[in-house]
file final-v8.cif (mmCIF, C-alpha atoms)
data_work
#
loop_
_atom_site.group_PDB
_atom_site.id
_atom_site.type_symbol
_atom_site.label_atom_id
_atom_site.label_comp_id
_atom_site.auth_asym_id
_atom_site.auth_seq_id
_atom_site.Cartn_x
_atom_site.Cartn_y
_atom_site.Cartn_z
ATOM 1 C CA MET A 5 3.748 -16.614 9.276
ATOM 2 C CA ASN A 6 6.584 -17.995 7.179
ATOM 3 C CA TRP A 7 7.937 -16.421 4.026
ATOM 4 C CA SER A 8 6.892 -19.502 2.046
ATOM 5 C CA GLU A 9 3.240 -18.868 2.929
ATOM 6 C CA LEU A 10 3.275 -15.464 1.236
ATOM 7 C CA LYS A 11 2.249 -14.752 -2.341
ATOM 8 C CA LEU A 12 4.961 -12.684 -3.992
ATOM 9 C CA ASN A 13 4.652 -10.270 -6.906
ATOM 10 C CA SER A 14 6.210 -10.782 -10.345
ATOM 11 C CA ASP A 15 9.571 -9.603 -9.009
ATOM 12 C CA GLY A 16 9.480 -12.042 -6.087
ATOM 13 C CA HIS A 17 8.817 -9.267 -3.584
ATOM 14 C CA LEU A 18 6.179 -8.544 -0.969
ATOM 15 C CA PRO A 19 4.687 -5.015 -0.990
ATOM 16 C CA VAL A 20 4.430 -3.404 2.439
ATOM 17 C CA VAL A 21 2.133 -0.503 3.322
ATOM 18 C CA VAL A 22 3.686 1.491 6.151
ATOM 19 C CA GLN A 23 1.414 3.442 8.456
ATOM 20 C CA ASP A 24 2.194 5.662 11.455
ATOM 21 C CA PHE A 25 0.682 3.739 14.378
ATOM 22 C CA GLU A 26 -0.283 6.907 16.263
ATOM 23 C CA THR A 27 -1.583 9.245 13.560
ATOM 24 C CA GLY A 28 -2.776 6.683 10.990
ATOM 25 C CA VAL A 29 -0.915 8.557 8.246
ATOM 26 C CA VAL A 30 0.173 6.272 5.388
ATOM 27 C CA LEU A 31 3.903 6.971 5.203
ATOM 28 C CA MET A 32 5.180 4.924 2.255
ATOM 29 C CA VAL A 33 5.054 1.623 0.416
ATOM 30 C CA GLY A 34 8.175 -0.533 0.441
ATOM 31 C CA TYR A 35 9.084 -3.992 -0.825
ATOM 32 C CA MET A 36 10.574 -6.939 1.011
ATOM 33 C CA ASN A 37 12.513 -9.998 0.014
ATOM 34 C CA GLU A 38 12.878 -12.910 2.419
ATOM 35 C CA GLU A 39 16.005 -11.492 4.072
ATOM 36 C CA SER A 40 14.391 -8.109 4.824
ATOM 37 C CA PHE A 41 11.255 -9.858 6.110
ATOM 38 C CA LEU A 42 13.292 -11.971 8.521
ATOM 39 C CA LYS A 43 15.440 -8.997 9.598
ATOM 40 C CA THR A 44 12.275 -6.982 10.291
ATOM 41 C CA LEU A 45 10.842 -9.727 12.513
ATOM 42 C CA GLU A 46 14.168 -10.245 14.262
ATOM 43 C CA THR A 47 15.062 -6.588 14.928
ATOM 44 C CA ARG A 48 11.540 -5.090 15.122
ATOM 45 C CA GLU A 49 12.735 -2.343 12.806
ATOM 46 C CA MET A 50 11.711 -2.049 9.157
ATOM 47 C CA TRP A 51 14.044 -3.530 6.532
ATOM 48 C CA TYR A 52 13.263 -3.462 2.817
ATOM 49 C CA PHE A 53 14.687 -4.615 -0.453
ATOM 50 C CA SER A 54 15.672 -1.476 -2.360
ATOM 51 C CA ARG A 55 14.512 -1.992 -5.937
ATOM 52 C CA SER A 56 16.591 0.919 -7.256
ATOM 53 C CA ARG A 57 19.809 -0.196 -5.559
ATOM 54 C CA GLN A 58 18.924 -3.923 -5.652
ATOM 55 C CA GLU A 59 20.101 -4.425 -2.103
ATOM 56 C CA LEU A 60 18.959 -4.945 1.458
ATOM 57 C CA TRP A 61 17.929 -1.627 3.007
ATOM 58 C CA HIS A 62 17.679 -0.941 6.722
ATOM 59 C CA LYS A 63 15.400 2.086 6.669
ATOM 60 C CA GLY A 64 16.984 4.938 8.645
ATOM 61 C CA ALA A 65 20.425 3.365 8.891
ATOM 62 C CA THR A 66 22.001 6.501 7.400
ATOM 63 C CA SER A 67 19.305 9.152 8.070
ATOM 64 C CA GLY A 68 18.483 7.981 11.588
ATOM 65 C CA HIS A 69 14.822 7.830 10.562
ATOM 66 C CA ILE A 70 14.301 4.225 11.527
ATOM 67 C CA GLN A 71 10.842 2.700 11.769
ATOM 68 C CA LYS A 72 10.100 0.723 14.910
ATOM 69 C CA VAL A 73 7.570 -2.036 14.270
ATOM 70 C CA LYS A 74 4.474 -1.838 16.441
ATOM 71 C CA GLU A 75 2.176 -4.217 14.534
ATOM 72 C CA LEU A 76 2.308 -6.315 11.371
ATOM 73 C CA TRP A 77 -0.792 -7.457 9.498
ATOM 74 C CA ILE A 78 -1.114 -9.627 6.411
ATOM 75 C CA ASP A 79 -4.045 -9.227 4.043
ATOM 76 C CA CYS A 80 -6.736 -11.780 3.125
ATOM 77 C CA ASP A 81 -4.841 -13.224 0.156
ATOM 78 C CA SER A 82 -1.414 -13.101 1.805
ATOM 79 C CA ASP A 83 0.184 -10.885 -0.811
ATOM 80 C CA THR A 84 0.512 -7.559 1.034
ATOM 81 C CA LEU A 85 1.815 -6.582 4.453
ATOM 82 C CA LEU A 86 0.633 -3.653 6.581
ATOM 83 C CA ALA A 87 3.215 -2.385 9.058
ATOM 84 C CA LYS A 88 2.193 0.010 11.804
ATOM 85 C CA VAL A 89 5.334 1.790 12.924
ATOM 86 C CA ASP A 90 6.782 4.391 15.228
ATOM 87 C CA GLN A 91 8.538 6.654 12.709
ATOM 88 C CA VAL A 92 11.636 8.073 14.383
ATOM 89 C CA GLY A 93 12.257 11.690 13.251
ATOM 90 C CA LYS A 94 8.633 11.925 12.089
ATOM 91 C CA SER A 95 9.722 11.826 8.460
ATOM 92 C CA ALA A 96 9.523 8.728 6.276
ATOM 93 C CA CYS A 97 10.252 10.366 2.929
ATOM 94 C CA HIS A 98 13.717 11.088 1.528
ATOM 95 C CA THR A 99 12.383 14.584 0.651
ATOM 96 C CA GLY A 100 11.949 15.348 4.358
ATOM 97 C CA SER A 101 8.165 15.092 4.139
ATOM 98 C CA VAL A 102 6.298 13.177 6.842
ATOM 99 C CA SER A 103 4.808 10.903 4.188
ATOM 100 C CA CYS A 104 5.836 10.034 0.626
ATOM 101 C CA PHE A 105 2.230 10.774 -0.400
ATOM 102 C CA PHE A 106 2.328 14.578 -0.439
ATOM 103 C CA SER A 107 1.299 15.301 -4.049
ATOM 104 C CA PRO A 108 -2.446 15.532 -4.678
ATOM 105 C CA VAL A 109 -3.928 14.138 -7.889
ATOM 106 C CA THR A 110 -6.564 16.581 -9.057
ATOM 107 C CA LEU A 111 -9.925 15.114 -9.959
ATOM 108 C CA PRO A 112 -11.418 16.566 -13.149
ATOM 109 C CA VAL A 113 -14.156 19.170 -12.700
ATOM 110 C CA ARG A 114 -17.591 17.927 -13.631
ATOM 111 C CA MET B 262 -1.431 13.792 -13.543
ATOM 112 C CA ASN B 263 -1.430 11.707 -16.720
ATOM 113 C CA TRP B 264 -1.013 7.944 -16.852
ATOM 114 C CA SER B 265 2.188 8.393 -18.896
ATOM 115 C CA GLU B 266 3.797 10.273 -15.972
ATOM 116 C CA LEU B 267 3.420 7.267 -13.656
ATOM 117 C CA LYS B 268 6.056 4.613 -13.034
ATOM 118 C CA LEU B 269 4.435 1.193 -13.430
ATOM 119 C CA ASN B 270 5.466 -2.097 -11.853
ATOM 120 C CA SER B 271 6.793 -5.116 -13.758
ATOM 121 C CA ASP B 272 3.241 -6.064 -14.744
ATOM 122 C CA GLY B 273 2.496 -2.587 -16.096
ATOM 123 C CA HIS B 274 0.221 -1.783 -13.162
ATOM 124 C CA LEU B 275 0.037 0.946 -10.544
ATOM 125 C CA PRO B 276 -0.422 -0.213 -6.911
ATOM 126 C CA VAL B 277 -3.062 1.725 -4.981
ATOM 127 C CA VAL B 278 -3.287 1.898 -1.186
ATOM 128 C CA VAL B 279 -6.907 2.426 -0.190
ATOM 129 C CA GLN B 280 -7.646 4.157 3.090
ATOM 130 C CA ASP B 281 -10.955 5.028 4.771
ATOM 131 C CA PHE B 282 -10.982 8.846 4.691
ATOM 132 C CA GLU B 283 -12.834 9.107 8.016
ATOM 133 C CA THR B 284 -11.250 6.412 10.194
ATOM 134 C CA GLY B 285 -7.796 6.219 8.584
ATOM 135 C CA VAL B 286 -8.080 2.420 8.410
ATOM 136 C CA VAL B 287 -6.067 0.930 5.531
ATOM 137 C CA LEU B 288 -8.712 -1.102 3.715
ATOM 138 C CA MET B 289 -6.870 -2.862 0.882
ATOM 139 C CA VAL B 290 -4.279 -2.579 -1.859
ATOM 140 C CA GLY B 291 -5.476 -2.785 -5.451
ATOM 141 C CA TYR B 292 -3.854 -2.400 -8.861
ATOM 142 C CA MET B 293 -4.780 -0.138 -11.748
ATOM 143 C CA ASN B 294 -4.181 -0.180 -15.470
ATOM 144 C CA GLU B 295 -4.726 2.955 -17.532
ATOM 145 C CA GLU B 296 -8.406 2.207 -18.143
ATOM 146 C CA SER B 297 -9.211 1.779 -14.442
ATOM 147 C CA PHE B 298 -7.206 4.920 -13.593
ATOM 148 C CA LEU B 299 -9.195 6.983 -16.108
ATOM 149 C CA LYS B 300 -12.520 5.434 -15.003
ATOM 150 C CA THR B 301 -11.677 6.269 -11.376
ATOM 151 C CA LEU B 302 -10.987 9.917 -12.220
ATOM 152 C CA GLU B 303 -14.079 10.134 -14.424
ATOM 153 C CA THR B 304 -16.602 8.470 -12.086
ATOM 154 C CA ARG B 305 -14.994 9.331 -8.709
ATOM 155 C CA GLU B 306 -15.477 5.695 -7.731
ATOM 156 C CA MET B 307 -12.624 3.186 -7.442
ATOM 157 C CA TRP B 308 -11.932 0.956 -10.444
ATOM 158 C CA TYR B 309 -9.118 -1.590 -10.497
ATOM 159 C CA PHE B 310 -7.540 -4.118 -12.798
ATOM 160 C CA SER B 311 -8.288 -7.527 -11.325
ATOM 161 C CA ARG B 312 -5.065 -9.515 -11.551
ATOM 162 C CA SER B 313 -6.822 -12.838 -10.836
ATOM 163 C CA ARG B 314 -9.549 -12.304 -13.430
ATOM 164 C CA GLN B 315 -7.371 -10.165 -15.727
ATOM 165 C CA GLU B 316 -10.172 -7.692 -16.289
ATOM 166 C CA LEU B 317 -11.434 -4.239 -15.417
ATOM 167 C CA TRP B 318 -13.072 -4.282 -11.985
ATOM 168 C CA HIS B 319 -15.518 -1.689 -10.721
ATOM 169 C CA LYS B 320 -15.210 -2.297 -6.981
ATOM 170 C CA GLY B 321 -18.674 -2.851 -5.483
ATOM 171 C CA ALA B 322 -20.470 -3.304 -8.807
ATOM 172 C CA THR B 323 -21.880 -6.651 -7.616
ATOM 173 C CA SER B 324 -21.599 -6.327 -3.802
ATOM 174 C CA GLY B 325 -22.784 -2.734 -3.633
ATOM 175 C CA HIS B 326 -19.649 -1.927 -1.618
ATOM 176 C CA ILE B 327 -18.422 0.815 -3.898
ATOM 177 C CA GLN B 328 -15.651 3.169 -2.863
ATOM 178 C CA LYS B 329 -16.308 6.862 -3.404
ATOM 179 C CA VAL B 330 -13.101 8.779 -4.029
ATOM 180 C CA LYS B 331 -12.492 11.610 -1.595
ATOM 181 C CA GLU B 332 -8.805 12.301 -2.272
ATOM 182 C CA LEU B 333 -6.052 10.869 -4.461
ATOM 183 C CA TRP B 334 -2.356 11.291 -3.685
ATOM 184 C CA ILE B 335 0.698 10.149 -5.625
ATOM 185 C CA ASP B 336 3.954 9.344 -3.863
ATOM 186 C CA CYS B 337 7.354 11.017 -4.262
ATOM 187 C CA ASP B 338 8.555 8.681 -7.023
ATOM 188 C CA SER B 339 5.189 8.472 -8.827
ATOM 189 C CA ASP B 340 4.866 4.701 -8.551
ATOM 190 C CA THR B 341 2.116 4.333 -5.920
ATOM 191 C CA LEU B 342 -1.283 5.920 -5.448
ATOM 192 C CA LEU B 343 -3.040 6.578 -2.136
ATOM 193 C CA ALA B 344 -6.822 6.784 -2.387
ATOM 194 C CA LYS B 345 -8.854 8.103 0.519
ATOM 195 C CA VAL B 346 -12.361 6.785 0.077
ATOM 196 C CA ASP B 347 -15.824 6.658 1.512
ATOM 197 C CA GLN B 348 -16.351 2.881 1.752
ATOM 198 C CA VAL B 349 -20.033 2.159 1.175
ATOM 199 C CA GLY B 350 -21.227 -0.746 3.354
ATOM 200 C CA LYS B 351 -18.192 -0.232 5.636
ATOM 201 C CA SER B 352 -16.616 -3.423 4.292
ATOM 202 C CA ALA B 353 -13.837 -3.459 1.700
ATOM 203 C CA CYS B 354 -12.901 -7.151 1.966
ATOM 204 C CA HIS B 355 -14.629 -9.996 0.128
ATOM 205 C CA THR B 356 -14.634 -11.862 3.481
ATOM 206 C CA GLY B 357 -16.975 -9.227 4.932
ATOM 207 C CA SER B 358 -14.241 -7.705 7.066
ATOM 208 C CA VAL B 359 -13.898 -3.923 7.203
ATOM 209 C CA SER B 360 -10.307 -4.203 5.977
ATOM 210 C CA CYS B 361 -8.397 -6.917 4.106
ATOM 211 C CA PHE B 362 -5.676 -6.586 6.779
ATOM 212 C CA PHE B 363 -7.278 -8.553 9.611
ATOM 213 C CA SER B 364 -4.630 -11.240 10.232
ATOM 214 C CA PRO B 365 -1.848 -10.299 12.648
ATOM 215 C CA VAL B 366 1.712 -11.445 11.994
ATOM 216 C CA THR B 367 3.184 -12.446 15.332
ATOM 217 C CA LEU B 368 6.573 -11.019 16.173
ATOM 218 C CA PRO B 369 8.959 -13.553 17.703
ATOM 219 C CA VAL B 370 9.429 -13.369 21.457
ATOM 220 C CA ARG B 371 12.828 -12.039 22.488
#
call {"tool": "encode", "arguments": {"input": "final-v8.cif", "output": "structure tokens"}}
result
Amino acid sequence: MNWSELKLNSDGHLPVVVQDFETGVVLMVGYMNEESFLKTLETREMWYFSRSRQELWHKGATSGHIQKVKELWIDCDSDTLLAKVDQVGKSACHTGSVSCFFSPVTLPVR
Amino acid sequence: MNWSELKLNSDGHLPVVVQDFETGVVLMVGYMNEESFLKTLETREMWYFSRSRQELWHKGATSGHIQKVKELWIDCDSDTLLAKVDQVGKSACHTGSVSCFFSPVTLPVR
């Protein structure tokens, strides 16, 4: 799988769903540019492109909460990656939560 | 959770990670506009905005493979939704696969 085979979004990035390989918990969604994609393959740790800081981001470089790549999967139309990872520190979110998805959206009563 | 509280991507859409609520399998990633978000809440079935067809898309309307909403979660920066669903027909992908993520990305040997 080469970067040129991937379909990028309007910002030129590839969305990545990150899942804990043991528990199946969806931890976060990140975005990659070519450099972070190549770094991820090379180091077997997750690298992203930080959209807020507009820079390469080695997840866990400061917090220690790195994500070791166990499996990578690409979807049927080659526009989204699924990374199954070993989340060091068992916390993917900057809030300290295991997952970034900790806020429920209430469905309306009917 | 109102649509106006969400942070949209450059196309004005909200990415949605869709996970089987029983097996934990990540089935697909779809995109919502406001109309599909409201329809999803109202009907408790997944609706998307089809980026290829540029139209509202009631998942399963033609295939019968609808997705019944079990839980909705929003992430820490309110820019991504996680939907846990009951996937009718046990196949989310148009290829007939359970999940759209069926192609492994090989990590380089080291």
call {"tool": "closest_residue", "arguments": {"input": "final-v8.cif", "among": "A:Met32, A:Asn6, A:Ala65, A:Gln58", "to": "B:Val277", "atoms": "all atoms listed in the file"}}
result
A:Met32
call {"tool": "residues_around", "arguments": {"input": "final-v8.cif", "residues": "A:Glu59", "least_positions_apart": "2", "cutoff": "12 Å", "atoms": "all atoms listed in the file", "output": "list in words"}}
result
Tyr35, Met36, Asn37, Glu39, Ser40, Trp51, Tyr52, Phe53, Ser54, Arg55, Ser56, Arg57, Trp61, His62 and Lys63 of chain A
call {"tool": "resolve_selection", "arguments": {"input": "final-v8.cif", "expression": "the PyMOL selection byres ((chain B) within 6 of (chain A))", "output": "list in words"}}
result
Gly285, Leu302, Leu333, Trp334, Ile335, Asp336, Cys337, Cys361, Phe362, Ser364, Pro365, Val366 and Leu368 of chain B
call {"tool": "atom_distance", "arguments": {"input": "final-v8.cif", "atom1": "atom CA of B:Lys300", "atom2": "atom CA of B:Glu283"}}
result
23.3 Å
call {"tool": "resolve_selection", "arguments": {"input": "final-v8.cif", "expression": "the PyMOL selection byres ((chain A and resi 91) around 8)", "output": "list in words"}}
result
Asp24, His69, Ile70, Gln71, Lys72, Val89, Asp90, Val92, Gly93, Lys94, Ser95 and Ala96 of chain A
call {"tool": "atom_distance", "arguments": {"input": "final-v8.cif", "atom1": "atom CA of A:Leu10", "atom2": "atom CA of B:Gly357"}}
result
21.5 Å
call {"tool": "atom_distance", "arguments": {"input": "final-v8.cif", "atom1": "atom CA of B:Lys345", "atom2": "atom CA of B:Met307"}}
result
10.1 Å
call {"tool": "closest_residue", "arguments": {"input": "final-v8.cif", "among": "B:Glu306, B:Gly291, B:Phe282, B:Leu275", "to": "B:Gly325", "atoms": "all atoms listed in the file"}}
result
B:Glu306
call {"tool": "axis_aligned_box", "arguments": {"input": "final-v8.cif", "around": "stretch 325-343 of chain B", "padding_each_side": "6 Å", "output": "JSON"}}
result
{"center_x": -7.1, "center_y": 4.8, "center_z": -5.2, "size_x": 43.3, "size_y": 27.0, "size_z": 19.2}
